[in-house]
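target-v2.pdb follows; it contains PDB, C-alpha atoms.
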ATOM      1  CA  MET A   1      92.407 -44.558   9.020
ATOM      2  CA  PRO A   2      94.372 -45.178   5.789
ATOM      3  CA  LYS A   3      95.420 -41.945   4.145
ATOM      4  CA  ASP A   4      93.620 -42.608   0.864
ATOM      5  CA  GLU A   5      90.316 -42.684   2.781
ATOM      6  CA  HIS A   6      90.867 -39.010   3.631
ATOM      7  CA  LEU A   7      90.459 -37.963   0.023
ATOM      8  CA  GLY A   8      87.094 -36.771  -1.239
ATOM      9  CA  THR A   9      85.702 -36.066   2.225
ATOM     10  CA  GLY A  10      85.183 -32.829   4.112
ATOM     11  CA  LEU A  11      87.613 -31.817   6.812
ATOM     12  CA  ALA A  12      84.985 -32.019   9.556
ATOM     13  CA  ALA A  13      84.387 -35.658   8.586
ATOM     14  CA  ILE A  14      88.129 -36.366   8.666
ATOM     15  CA  PHE A  15      88.908 -34.651  11.946
ATOM     16  CA  GLY A  16      85.569 -34.901  13.731
ATOM     17  CA  SER A  17      85.700 -31.205  14.609
ATOM     18  CA  ASP A  18      85.054 -27.799  13.081
ATOM     19  CA  ASN A  19      87.760 -25.956  15.034
ATOM     20  CA  LEU A  20      90.529 -26.107  12.458
ATOM     21  CA  SER A  21      92.879 -23.855  14.446
ATOM     22  CA  ASP A  22      93.023 -26.425  17.243
ATOM     23  CA  ILE A  23      93.287 -29.273  14.735
ATOM     24  CA  ILE A  24      96.229 -27.726  12.877
ATOM     25  CA  ASP A  25      97.967 -26.883  16.151
ATOM     26  CA  ASP A  26      97.505 -30.466  17.292
ATOM     27  CA  ILE A  27      98.905 -31.935  14.071
ATOM     28  CA  GLN A  28     101.938 -29.635  14.150
ATOM     29  CA  ASN A  29     102.713 -29.984  17.871
ATOM     30  CA  ASN A  30     101.535 -33.488  18.755
ATOM     31  CA  SER A  31     103.571 -36.395  17.416
ATOM     32  CA  THR A  32     100.645 -38.815  17.728
ATOM     33  CA  ALA A  33      98.372 -36.567  15.687
ATOM     34  CA  ALA A  34     101.157 -35.983  13.162
ATOM     35  CA  GLU A  35     101.566 -39.730  12.668
ATOM     36  CA  GLN A  36      97.805 -40.163  12.301
ATOM     37  CA  TYR A  37      97.317 -37.513   9.616
ATOM     38  CA  GLY A  38     100.712 -37.180   7.949
ATOM     39  CA  ARG A  39     104.457 -37.790   7.914
ATOM     40  CA  LYS A  40     106.947 -35.609   9.796
ATOM     41  CA  THR A  41     110.168 -34.743   7.948
ATOM     42  CA  THR A  42     112.586 -31.962   7.010
ATOM     43  CA  LEU A  43     112.282 -30.277   3.622
ATOM     44  CA  LYS A  44     114.373 -27.898   1.552
ATOM     45  CA  ILE A  45     112.731 -24.481   1.499
ATOM     46  CA  SER A  46     113.468 -24.200  -2.218
ATOM     47  CA  GLU A  47     111.150 -27.175  -2.836
ATOM     48  CA  ILE A  48     108.129 -25.512  -1.172
ATOM     49  CA  ARG A  49     105.695 -23.370  -3.147
ATOM     50  CA  ARG A  50     103.189 -20.876  -1.761
ATOM     51  CA  ASN A  51      99.667 -22.070  -1.050
ATOM     52  CA  PRO A  52      97.511 -20.985  -4.046
ATOM     53  CA  TYR A  53      94.491 -20.732  -1.729
ATOM     54  CA  GLN A  54      96.196 -18.613   0.948
ATOM     55  CA  PRO A  55      93.896 -15.631   1.575
ATOM     56  CA  ARG A  56      96.466 -13.667   3.542
ATOM     57  CA  HIS A  57      98.582 -11.252   1.491
ATOM     58  CA  VAL A  58      99.692  -8.628   4.016
ATOM     59  CA  PHE A  59     102.343  -9.507   6.617
ATOM     60  CA  ASP A  60     103.699  -7.235   9.341
ATOM     61  CA  GLN A  61     107.327  -6.876   8.275
ATOM     62  CA  THR A  62     108.539  -5.874  11.748
ATOM     63  CA  LYS A  63     107.005  -8.975  13.357
ATOM     64  CA  LEU A  64     108.269 -11.112  10.484
ATOM     65  CA  GLN A  65     111.821  -9.869  11.101
ATOM     66  CA  GLU A  66     111.449 -10.529  14.841
ATOM     67  CA  LEU A  67     110.414 -14.106  14.063
ATOM     68  CA  ALA A  68     113.343 -14.452  11.640
ATOM     69  CA  ASP A  69     115.759 -13.310  14.371
ATOM     70  CA  SER A  70     114.286 -15.894  16.744
ATOM     71  CA  ILE A  71     114.528 -18.654  14.130
ATOM     72  CA  LYS A  72     118.107 -17.696  13.368
ATOM     73  CA  GLU A  73     118.985 -18.223  17.033
ATOM     74  CA  HIS A  74     116.672 -21.044  18.096
ATOM     75  CA  GLY A  75     115.378 -22.674  14.890
ATOM     76  CA  VAL A  76     111.780 -23.554  13.963
ATOM     77  CA  PHE A  77     109.964 -25.391  16.766
ATOM     78  CA  THR A  78     106.598 -25.905  15.056
ATOM     79  CA  PRO A  79     106.633 -27.747  11.696
ATOM     80  CA  ILE A  80     104.811 -26.259   8.738
ATOM     81  CA  LEU A  81     102.073 -28.243   7.005
ATOM     82  CA  VAL A  82     102.511 -29.197   3.321
ATOM     83  CA  ARG A  83     101.249 -31.589   0.689
ATOM     84  CA  ALA A  84     103.232 -33.238  -2.084
ATOM     85  CA  SER A  85     102.726 -31.875  -5.600
ATOM     86  CA  ALA A  86     104.053 -32.549  -9.069
ATOM     87  CA  ARG A  87     106.847 -30.019  -8.409
ATOM     88  CA  GLY A  88     107.991 -30.408  -4.825
ATOM     89  CA  TYR A  89     105.521 -29.379  -2.128
ATOM     90  CA  GLU A  90     102.679 -26.898  -1.626
ATOM     91  CA  LEU A  91     102.344 -25.044   1.665
ATOM     92  CA  ILE A  92      99.096 -25.541   3.598
ATOM     93  CA  ALA A  93      99.770 -23.804   6.925
ATOM     94  CA  GLY A  94     102.731 -21.912   8.368
ATOM     95  CA  GLU A  95     103.527 -19.199   5.796
ATOM     96  CA  ARG A  96     104.914 -16.788   8.443
ATOM     97  CA  ARG A  97     107.370 -19.458   9.606
ATOM     98  CA  LEU A  98     108.378 -20.197   6.022
ATOM     99  CA  LYS A  99     108.901 -16.517   5.147
ATOM    100  CA  ALA A 100     110.803 -15.875   8.379
ATOM    101  CA  SER A 101     113.014 -18.906   7.780
ATOM    102  CA  GLN A 102     113.893 -17.520   4.350
ATOM    103  CA  LEU A 103     114.743 -14.148   5.940
ATOM    104  CA  ALA A 104     116.895 -15.974   8.471
ATOM    105  CA  GLY A 105     118.858 -17.617   5.662
ATOM    106  CA  LYS A 106     117.683 -21.143   6.455
ATOM    107  CA  GLU A 107     117.777 -23.748   3.705
ATOM    108  CA  GLU A 108     115.589 -26.369   5.402
ATOM    109  CA  ILE A 109     112.499 -26.361   7.599
ATOM    110  CA  PRO A 110     110.666 -29.048   9.622
ATOM    111  CA  ALA A 111     107.410 -30.080   7.966
ATOM    112  CA  ILE A 112     104.522 -32.511   8.131
ATOM    113  CA  ILE A 113     103.348 -33.922   4.805
ATOM    114  CA  VAL A 114      99.597 -34.622   4.628
ATOM    115  CA  ASP A 115      97.407 -36.002   1.851
ATOM    116  CA  PHE A 116      94.865 -33.278   1.114
ATOM    117  CA  ASN A 117      92.981 -32.861  -2.147
ATOM    118  CA  ASP A 118      92.335 -29.391  -3.603
ATOM    119  CA  GLU A 119      89.003 -29.002  -1.796
ATOM    120  CA  GLN A 120      90.460 -29.926   1.585
ATOM    121  CA  MET A 121      93.506 -27.734   1.049
ATOM    122  CA  MET A 122      91.329 -24.740   0.207
ATOM    123  CA  GLU A 123      89.042 -25.339   3.165
ATOM    124  CA  VAL A 124      91.818 -25.672   5.714
ATOM    125  CA  SER A 125      93.699 -22.648   4.303
ATOM    126  CA  LEU A 126      90.712 -20.326   4.365
ATOM    127  CA  LEU A 127      88.965 -21.515   7.517
ATOM    128  CA  GLU A 128      92.134 -21.839   9.572
ATOM    129  CA  ASN A 129      93.102 -18.251   8.742
ATOM    130  CA  ILE A 130      89.600 -16.969   9.474
ATOM    131  CA  GLN A 131      89.404 -18.777  12.810
ATOM    132  CA  ARG A 132      92.805 -17.451  13.833
ATOM    133  CA  GLU A 133      91.672 -13.914  12.869
ATOM    134  CA  ASN A 134      94.932 -13.213  11.045
ATOM    135  CA  LEU A 135      93.242 -11.546   8.086
ATOM    136  CA  ASN A 136      92.418  -7.921   7.425
ATOM    137  CA  ALA A 137      88.808  -7.123   6.475
ATOM    138  CA  ILE A 138      89.384  -7.310   2.695
ATOM    139  CA  GLU A 139      91.292 -10.608   2.919
ATOM    140  CA  GLU A 140      88.498 -11.943   5.113
ATOM    141  CA  ALA A 141      85.864 -10.885   2.577
ATOM    142  CA  GLN A 142      87.828 -12.519  -0.244
ATOM    143  CA  ALA A 143      88.130 -15.717   1.821
ATOM    144  CA  TYR A 144      84.364 -15.793   2.386
ATOM    145  CA  LYS A 145      83.744 -15.310  -1.331
ATOM    146  CA  GLN A 146      86.154 -18.122  -2.230
ATOM    147  CA  LEU A 147      84.466 -20.514   0.184
ATOM    148  CA  MET A 148      81.031 -19.631  -1.172
ATOM    149  CA  ASP A 149      82.104 -19.765  -4.837
ATOM    150  CA  ASN A 150      84.248 -22.899  -4.656
ATOM    151  CA  MET A 151      82.755 -24.863  -1.755
ATOM    152  CA  GLY A 152      79.135 -23.992  -2.476
ATOM    153  CA  TYR A 153      78.479 -22.533   0.978
ATOM    154  CA  THR A 154      75.505 -20.258   1.523
ATOM    155  CA  GLN A 155      75.942 -17.344   3.930
ATOM    156  CA  GLU A 156      73.933 -19.303   6.500
ATOM    157  CA  GLN A 157      76.110 -22.417   6.115
ATOM    158  CA  LEU A 158      79.285 -20.341   6.310
ATOM    159  CA  SER A 159      77.930 -18.646   9.423
ATOM    160  CA  ASN A 160      77.462 -22.004  11.122
ATOM    161  CA  ARG A 161      80.859 -23.224   9.898
ATOM    162  CA  ILE A 162      82.969 -20.352  11.256
ATOM    163  CA  GLY A 163      80.876 -19.172  14.190
ATOM    164  CA  LYS A 164      80.140 -15.657  12.913
ATOM    165  CA  SER A 165      76.698 -14.162  12.324
ATOM    166  CA  ARG A 166      75.201 -14.166   8.839
ATOM    167  CA  GLU A 167      74.819 -10.386   9.091
ATOM    168  CA  TYR A 168      78.542 -10.014   9.834
ATOM    169  CA  ILE A 169      79.418 -12.171   6.826
ATOM    170  CA  ALA A 170      77.044 -10.218   4.553
ATOM    171  CA  ASN A 171      78.492  -6.864   5.687
ATOM    172  CA  THR A 172      82.043  -8.120   5.189
ATOM    173  CA  LEU A 173      81.292  -9.384   1.676
ATOM    174  CA  ARG A 174      79.873  -5.972   0.745
ATOM    175  CA  LEU A 175      83.351  -4.486   1.201
ATOM    176  CA  LEU A 176      84.311  -6.117  -2.115
ATOM    177  CA  LYS A 177      82.003  -3.610  -3.843
ATOM    178  CA  LEU A 178      84.328  -0.759  -2.856
ATOM    179  CA  PRO A 179      86.766   0.639  -5.462
ATOM    180  CA  PRO A 180      90.193  -1.098  -5.490
ATOM    181  CA  TYR A 181      91.796   2.125  -4.213
ATOM    182  CA  VAL A 182      89.691   2.011  -1.028
ATOM    183  CA  GLN A 183      90.146  -1.746  -0.607
ATOM    184  CA  LYS A 184      93.923  -1.199  -0.706
ATOM    185  CA  LEU A 185      93.668   1.383   2.099
ATOM    186  CA  VAL A 186      91.926  -1.256   4.232
ATOM    187  CA  GLU A 187      94.493  -3.918   3.334
ATOM    188  CA  ASP A 188      97.309  -1.548   4.305
ATOM    189  CA  GLY A 189      95.653  -0.815   7.655
ATOM    190  CA  LYS A 190      95.061   2.856   6.822
ATOM    191  CA  LEU A 191      91.275   2.524   7.110
ATOM    192  CA  SER A 192      89.161   0.165   9.200
ATOM    193  CA  MET A 193      86.134  -1.874   8.202
ATOM    194  CA  GLY A 194      83.942   0.451  10.264
ATOM    195  CA  GLN A 195      85.282   3.541   8.511
ATOM    196  CA  VAL A 196      84.668   2.268   4.975
ATOM    197  CA  ARG A 197      81.396   0.435   5.521
ATOM    198  CA  PRO A 198      79.245   3.616   5.138
ATOM    199  CA  LEU A 199      80.879   4.273   1.744
ATOM    200  CA  ILE A 200      79.238   1.189   0.240
ATOM    201  CA  THR A 201      75.943   3.091  -0.020
ATOM    202  CA  ILE A 202      77.429   5.747  -2.356
ATOM    203  CA  ASP A 203      77.145   5.182  -6.101
ATOM    204  CA  SER A 204      79.798   7.639  -7.271
ATOM    205  CA  GLU A 205      83.291   6.110  -7.233
ATOM    206  CA  ASP A 206      84.884   9.584  -7.242
ATOM    207  CA  THR A 207      82.897  10.555  -4.152
ATOM    208  CA  VAL A 208      83.863   7.321  -2.392
ATOM    209  CA  LYS A 209      87.540   8.040  -3.089
ATOM    210  CA  THR A 210      87.186  11.645  -1.903
ATOM    211  CA  ILE A 211      85.558  10.674   1.396
ATOM    212  CA  ALA A 212      87.982   7.776   1.933
ATOM    213  CA  THR A 213      90.973  10.083   1.387
ATOM    214  CA  LYS A 214      89.553  12.674   3.778
ATOM    215  CA  THR A 215      88.849   9.962   6.370
ATOM    216  CA  MET A 216      92.420   8.721   6.182
ATOM    217  CA  LYS A 217      93.983  12.211   6.141
ATOM    218  CA  ASP A 218      91.901  13.616   9.011
ATOM    219  CA  GLY A 219      91.597  10.394  11.007
ATOM    220  CA  LEU A 220      87.795  10.615  11.047
ATOM    221  CA  SER A 221      85.885   8.385  13.450
ATOM    222  CA  VAL A 222      83.269   5.928  12.209
ATOM    223  CA  ARG A 223      80.521   8.272  13.416
ATOM    224  CA  ALA A 224      82.109  11.218  11.589
ATOM    225  CA  VAL A 225      82.274   9.226   8.349
ATOM    226  CA  GLU A 226      78.633   8.213   8.713
ATOM    227  CA  LYS A 227      77.694  11.875   9.246
ATOM    228  CA  LEU A 228      79.711  12.967   6.199
ATOM    229  CA  VAL A 229      78.106  10.319   4.001
ATOM    230  CA  LYS A 230      74.653  11.268   5.259
ATOM    231  CA  SER A 231      75.260  14.963   4.580
ATOM    232  CA  PHE A 232      76.274  14.089   1.034
ATOM    233  CA  LYS A 233      73.303  11.833   0.345
ATOM    234  CA  GLN A 234      70.647  14.020   1.954
ATOM    235  CA  PRO A 235      70.745  16.875  -0.598
ATOM    236  CA  ARG A 236      70.627  14.390  -3.451
ATOM    237  CA  MET A 237      67.602  12.657  -1.966
ATOM    238  CA  HIS A 238      65.623  15.887  -1.494
ATOM    239  CA  LEU A 239      66.931  17.921  -4.402
ATOM    240  CA  GLU A 240      63.936  18.997  -6.489
ATOM    241  CA  PRO A 241      65.202  20.824  -9.572
ATOM    242  CA  SER A 242      63.058  23.599 -10.922
ATOM    243  CA  PRO A 243      61.143  22.396 -13.985
ATOM    244  CA  VAL A 244      62.489  25.404 -15.914
ATOM    245  CA  ALA A 245      66.121  24.817 -14.906
ATOM    246  CA  ASP A 246      68.593  24.136 -17.714
ATOM    247  CA  SER A 247      69.417  20.407 -17.899
ATOM    248  CA  ASN A 248      73.070  21.227 -18.564
ATOM    249  CA  ILE A 249      73.202  23.345 -15.398
ATOM    250  CA  LEU A 250      71.669  20.523 -13.384
ATOM    251  CA  ASP A 251      74.218  18.098 -14.795
ATOM    252  CA  VAL A 252      77.097  20.394 -13.816
ATOM    253  CA  GLN A 253      75.525  20.868 -10.391
ATOM    254  CA  LYS A 254      75.359  17.098  -9.871
ATOM    255  CA  ARG A 255      78.965  16.651 -10.991
ATOM    256  CA  LEU A 256      80.118  19.314  -8.538
ATOM    257  CA  GLN A 257      78.210  17.629  -5.721
ATOM    258  CA  ASN A 258      79.962  14.358  -6.523
ATOM    259  CA  ARG A 259      83.307  16.148  -6.749
ATOM    260  CA  PHE A 260      83.056  18.003  -3.441
ATOM    261  CA  ALA A 261      80.946  15.429  -1.541
ATOM    262  CA  THR A 262      78.604  18.165  -0.360
ATOM    263  CA  LYS A 263      75.541  20.127  -1.489
ATOM    264  CA  VAL A 264      76.130  22.476  -4.434
ATOM    265  CA  LYS A 265      73.570  24.895  -5.886
ATOM    266  CA  ILE A 266      73.853  26.807  -9.182
ATOM    267  CA  THR A 267      71.344  29.624  -9.490
ATOM    268  CA  ASN A 268      71.148  33.283 -10.550
ATOM    269  CA  ASN A 269      74.647  33.269 -12.041
ATOM    270  CA  ALA A 270      76.115  32.033  -8.737
ATOM    271  CA  ILE A 271      77.557  28.760  -7.427
ATOM    272  CA  THR A 272      76.960  27.956  -3.743
ATOM    273  CA  ILE A 273      79.060  25.203  -2.112
ATOM    274  CA  ASN A 274      77.963  24.110   1.358
ATOM    275  CA  TYR A 275      80.428  23.033   4.076
ATOM    276  CA  SER A 276      79.843  21.687   7.576
ATOM    277  CA  ASP A 277      82.783  23.085   9.561
ATOM    278  CA  THR A 278      86.252  24.634   9.187
ATOM    279  CA  ALA A 279      87.903  21.279   8.466
ATOM    280  CA  ASP A 280      85.353  20.602   5.743
ATOM    281  CA  LEU A 281      85.964  24.086   4.273
ATOM    282  CA  ASN A 282      89.726  23.415   4.154
ATOM    283  CA  ARG A 283      89.035  20.100   2.409
ATOM    284  CA  ILE A 284      86.993  21.867  -0.279
ATOM    285  CA  LEU A 285      89.646  24.576  -0.692
ATOM    286  CA  ASP A 286      92.244  21.810  -1.207
ATOM    287  CA  LEU A 287      90.078  20.342  -3.967
ATOM    288  CA  LEU A 288      89.809  23.797  -5.565
ATOM    289  CA  GLY A 289      93.592  24.108  -5.535
ATOM    290  CA  TYR A 290      93.560  27.017  -3.086
ATOM    291  CA  ASP A 291      97.256  27.138  -2.135
ATOM    292  CA  SER A 292      97.247  28.956   1.197
ATOM    293  CA  GLU A 293      97.473  28.281   4.921
ATOM    294  CA  GLU A 294      94.473  26.651   6.534
ATOM    295  CA  ILE A 295      91.689  28.934   7.681
TER     296      ILE A 295
END
Can you dump the structure from the file as structure tokens?
Amino acid sequence: MPKDEHLGTGLAAIFGSDNLSDIIDDIQNNSTAAEQYGRKTTLKISEIRRNPYQPRHVFDQTKLQELADSIKEHGVFTPILVRASARGYELIAGERRLKASQLAGKEEIPAIIVDFNDEQMMEVSLLENIQRENLNAIEEAQAYKQLMDNMGYTQEQLSNRIGKSREYIANTLRLLKLPPYVQKLVEDGKLSMGQVRPLITIDSEDTVKTIATKTMKDGLSVRAVEKLVKSFKQPRMHLEPSPVADSNILDVQKRLQNRFATKVKITNNAITINYSDTADLNRILDLLGYDSEEI
């Protein structure tokens, strides 16, 4: 097929398959496939720019250094995938190899140049990363959103395209509603998707941050987080303020509940703060600035 016929068509139509991981592997490791879809060559690393559609932002630095050490000794066996641009080349697949080659002090890298338009480049970048499962939960959610926003996919179409359930996609997308602080904890591997998913149901950003910090600090299980969130929401759901209660008092009471992520009651010139166990009490004392050894 002439290369110009590739343009303006979806990748499944070009390759006859939806499994982009296998397709990319085949192009990079099979000379026949490389000749069919692109041109194999060697490029200067300085001429290659990062893929603007790359959803992956976090790289394991230890593994990257290990790959750099291997490249320094043995070279790069698998070519990266690029496309020509107005200023050199844009990377399509193989960012770890490119970064590791830079760490290894290499000036050139083997590459295969293919003719992809913007739509095809975005699709292969996002879907190939998703299918390889190289992304953390936030990067995955951002990739789904990009595909839906820019490719016009519905959740159902995306589900069929990547082989994941629509419910899984919907739950992953909901992670983007979390505050940036919590999203960063997920990106850095300090919290898992399961640990932060219950926080999506909480309206107060301060409370979300408080529970997320406690979860990270205490290493809470998913079940423990769910229980903590439930204990916070339950009082709010069933709180029935006295009709004669001062509105200012009720406002302060609500603010304290958000602050401490637990039930708080102000009545008869007293403030009552509920806690579930010793660890929860120590958490509340920390928030109060109680500078003493744990109870």
For this session: Compare A:Glu90, A:Glu73, A:Asp246, A:Glu123 by their minimum atom-to-atom distance to Arg161 of chain A, counting all atoms listed in the file, and give me the closest one.
Result: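 Ranking A:Glu90, A:Glu73, A:Asp246, A:Glu123 by distance to Arg161 of chain A, first place goes to A:Glu123.
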Problem set entry | Contacts of Ile138 of chain A within 9 Å, all atoms listed in the file, excl. fewer than 6 positions in-chain, as a PyMOL selection string | chain A and resi 172-173+175-176+183-184+186-187+193
Would you mind exporting the chosen residues as a PDB file, in the coordinates of the input, restricted to C-alpha atoms?
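Dumped everything to out05.pdb:
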ATOM      1  CA  THR A 172      82.043  -8.120   5.189  1.00  0.00           C
ATOM      2  CA  LEU A 173      81.292  -9.384   1.676  1.00  0.00           C
ATOM      3  CA  LEU A 175      83.351  -4.486   1.201  1.00  0.00           C
ATOM      4  CA  LEU A 176      84.311  -6.117  -2.115  1.00  0.00           C
ATOM      5  CA  GLN A 183      90.146  -1.746  -0.607  1.00  0.00           C
ATOM      6  CA  LYS A 184      93.923  -1.199  -0.706  1.00  0.00           C
ATOM      7  CA  VAL A 186      91.926  -1.256   4.232  1.00  0.00           C
ATOM      8  CA  GLU A 187      94.493  -3.918   3.334  1.00  0.00           C
ATOM      9  CA  MET A 193      86.134  -1.874   8.202  1.00  0.00           C
TER      10      MET A 193
END
For this session: Run the PyMOL selection byres ((chain A and resi 162) around 8) on the file and write out the hits as a list in words.
Result: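 This file, filtered by the PyMOL selection byres ((chain A and resi 162) around 8), leaves Asp18, Leu127, Ile130, Gln131, Leu158, Ser159, Asn160, Arg161, Gly163 and Lys164 of chain A.
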For this session: May I have the residues at most 12 Å from (108.2, -12.4, 12.8) in the file's coordinates, counting all atoms listed in the file, as a PyMOL selection string?
Result: chain A and resi 59-72+76+94-104
Please identify all polymer residues lying at most 10 Å from the point (104.9, -31.3, -0.5) (file coordinates), using all atoms listed in the file, and present the result as a PDB file with C-alpha atoms, in the frame of the given file.
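Final output, point_3.pdb:
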ATOM      1  CA  LEU A  43     112.282 -30.277   3.622  1.00  0.00           C
ATOM      2  CA  GLU A  47     111.150 -27.175  -2.836  1.00  0.00           C
ATOM      3  CA  ILE A  48     108.129 -25.512  -1.172  1.00  0.00           C
ATOM      4  CA  ARG A  49     105.695 -23.370  -3.147  1.00  0.00           C
ATOM      5  CA  LEU A  81     102.073 -28.243   7.005  1.00  0.00           C
ATOM      6  CA  VAL A  82     102.511 -29.197   3.321  1.00  0.00           C
ATOM      7  CA  ARG A  83     101.249 -31.589   0.689  1.00  0.00           C
ATOM      8  CA  ALA A  84     103.232 -33.238  -2.084  1.00  0.00           C
ATOM      9  CA  SER A  85     102.726 -31.875  -5.600  1.00  0.00           C
ATOM     10  CA  ALA A  86     104.053 -32.549  -9.069  1.00  0.00           C
ATOM     11  CA  ARG A  87     106.847 -30.019  -8.409  1.00  0.00           C
ATOM     12  CA  GLY A  88     107.991 -30.408  -4.825  1.00  0.00           C
ATOM     13  CA  TYR A  89     105.521 -29.379  -2.128  1.00  0.00           C
ATOM     14  CA  GLU A  90     102.679 -26.898  -1.626  1.00  0.00           C
ATOM     15  CA  LEU A  91     102.344 -25.044   1.665  1.00  0.00           C
ATOM     16  CA  ILE A  92      99.096 -25.541   3.598  1.00  0.00           C
ATOM     17  CA  ALA A 111     107.410 -30.080   7.966  1.00  0.00           C
ATOM     18  CA  ILE A 112     104.522 -32.511   8.131  1.00  0.00           C
ATOM     19  CA  ILE A 113     103.348 -33.922   4.805  1.00  0.00           C
ATOM     20  CA  VAL A 114      99.597 -34.622   4.628  1.00  0.00           C
ATOM     21  CA  ASP A 115      97.407 -36.002   1.851  1.00  0.00           C
TER      22      ASP A 115
END
For this session: Considering all atoms listed in the file, state which residue in the set A:Met122, A:Ala224, A:Ile273, A:Leu185 is at the smallest distance from Val58 of chain A.
Result: A:Leu185
Problem set entry | Nearest residue to Lys230 of chain A from the set A:Ala141, A:Asn258, A:Ile202, A:Thr267 (distances using only C-alpha atoms) | A:Ile202
Problem set entry | Residue members of the PyMOL selection byres ((chain A and resi 261) around 8) in the file shown, as a PyMOL selection string | chain A and resi 207+210-211+232+257-260+262-263
For this session: List the neighbours of segment 195-199 of chain A out to 7 Å using all atoms listed in the file; skip same-chain residues closer than 5 positions along the sequence, and give me the result as a VMD selection string.
Result: chain A and resid 175 208 221 to 222 225 to 226 229
For this session: Please provide the set of residues having any atom within 8 Å of Lys209 of chain A, restricted to all atoms listed in the file, with same-chain residues fewer than 4 positions apart removed, written as a list in words.
Result: Pro179, Tyr181, Val182, Glu205 and Thr213 of chain A
Exercise. With all atoms listed in the file as the atoms that count, which of A:Thr42, A:Glu119, A:Pro55, A:Ile249 lies nearest to Ala270 of chain A?
Worked result: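 Checking each candidate against Ala270 of chain A, we get A:Ile249 as the closest.
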Exercise. Suppose you want the space between atom CA of Ser125 of chain A and atom CA of Asn171 of chain A; what is it in Å?
Worked result: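 Between these atoms lies a distance of 22.0 Å.
Atom pair atom CA of Asp188 of chain A / atom CA of Arg283 of chain A: separated by 23.3 Å.
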For this session: Give me, please, the distance in Å between atom CA of Leu135 of chain A and atom CA of Arg56 of chain A, quoted to one decimal.
Result: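 Computing the Euclidean distance for atom CA of Leu135 of chain A and atom CA of Arg56 of chain A yields 6.0 Å.
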Place N, CA and C atoms on segment 189-204 of chain A and deliver the coordinates as a short mmCIF file (atom, residue, chain, number, x, y, z; two decimals), keeping the file's coordinate frame.
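Below you can see result.cif, which holds the result:
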data_model
loop_
_atom_site.label_atom_id
_atom_site.label_comp_id
_atom_site.auth_asym_id
_atom_site.auth_seq_id
_atom_site.Cartn_x
_atom_site.Cartn_y
_atom_site.Cartn_z
N GLY A 189 95.91 -1.23 6.28
CA GLY A 189 95.65 -0.82 7.66
C GLY A 189 95.45 0.68 7.84
N LYS A 190 95.24 1.41 6.74
CA LYS A 190 95.06 2.86 6.82
C LYS A 190 93.61 3.24 7.10
N LEU A 191 92.68 2.34 6.79
CA LEU A 191 91.28 2.52 7.11
C LEU A 191 90.73 1.22 7.68
N SER A 192 89.76 1.35 8.59
CA SER A 192 89.16 0.16 9.20
C SER A 192 87.88 -0.22 8.47
N MET A 193 87.39 -1.41 8.79
CA MET A 193 86.13 -1.87 8.20
C MET A 193 85.00 -0.93 8.57
N GLY A 194 84.98 -0.46 9.82
CA GLY A 194 83.94 0.45 10.26
C GLY A 194 83.97 1.77 9.53
N GLN A 195 85.16 2.26 9.21
CA GLN A 195 85.28 3.54 8.51
C GLN A 195 84.81 3.48 7.07
N VAL A 196 85.02 2.35 6.40
CA VAL A 196 84.67 2.27 4.97
C VAL A 196 83.28 1.70 4.74
N ARG A 197 82.71 1.06 5.73
CA ARG A 197 81.40 0.44 5.52
C ARG A 197 80.33 1.43 5.05
N PRO A 198 80.27 2.67 5.61
CA PRO A 198 79.24 3.62 5.14
C PRO A 198 79.41 4.00 3.67
N LEU A 199 80.63 3.86 3.13
CA LEU A 199 80.88 4.27 1.74
C LEU A 199 80.22 3.35 0.72
N ILE A 200 79.83 2.17 1.16
CA ILE A 200 79.24 1.19 0.24
C ILE A 200 77.92 1.70 -0.33
N THR A 201 77.26 2.60 0.41
CA THR A 201 75.94 3.09 -0.02
C THR A 201 76.03 4.21 -1.06
N ILE A 202 77.25 4.65 -1.39
CA ILE A 202 77.43 5.75 -2.36
C ILE A 202 77.71 5.18 -3.75
N ASP A 203 77.00 5.69 -4.73
CA ASP A 203 77.14 5.18 -6.10
C ASP A 203 78.37 5.74 -6.82
N SER A 204 78.70 6.99 -6.55
CA SER A 204 79.80 7.64 -7.27
C SER A 204 81.16 7.19 -6.74
#
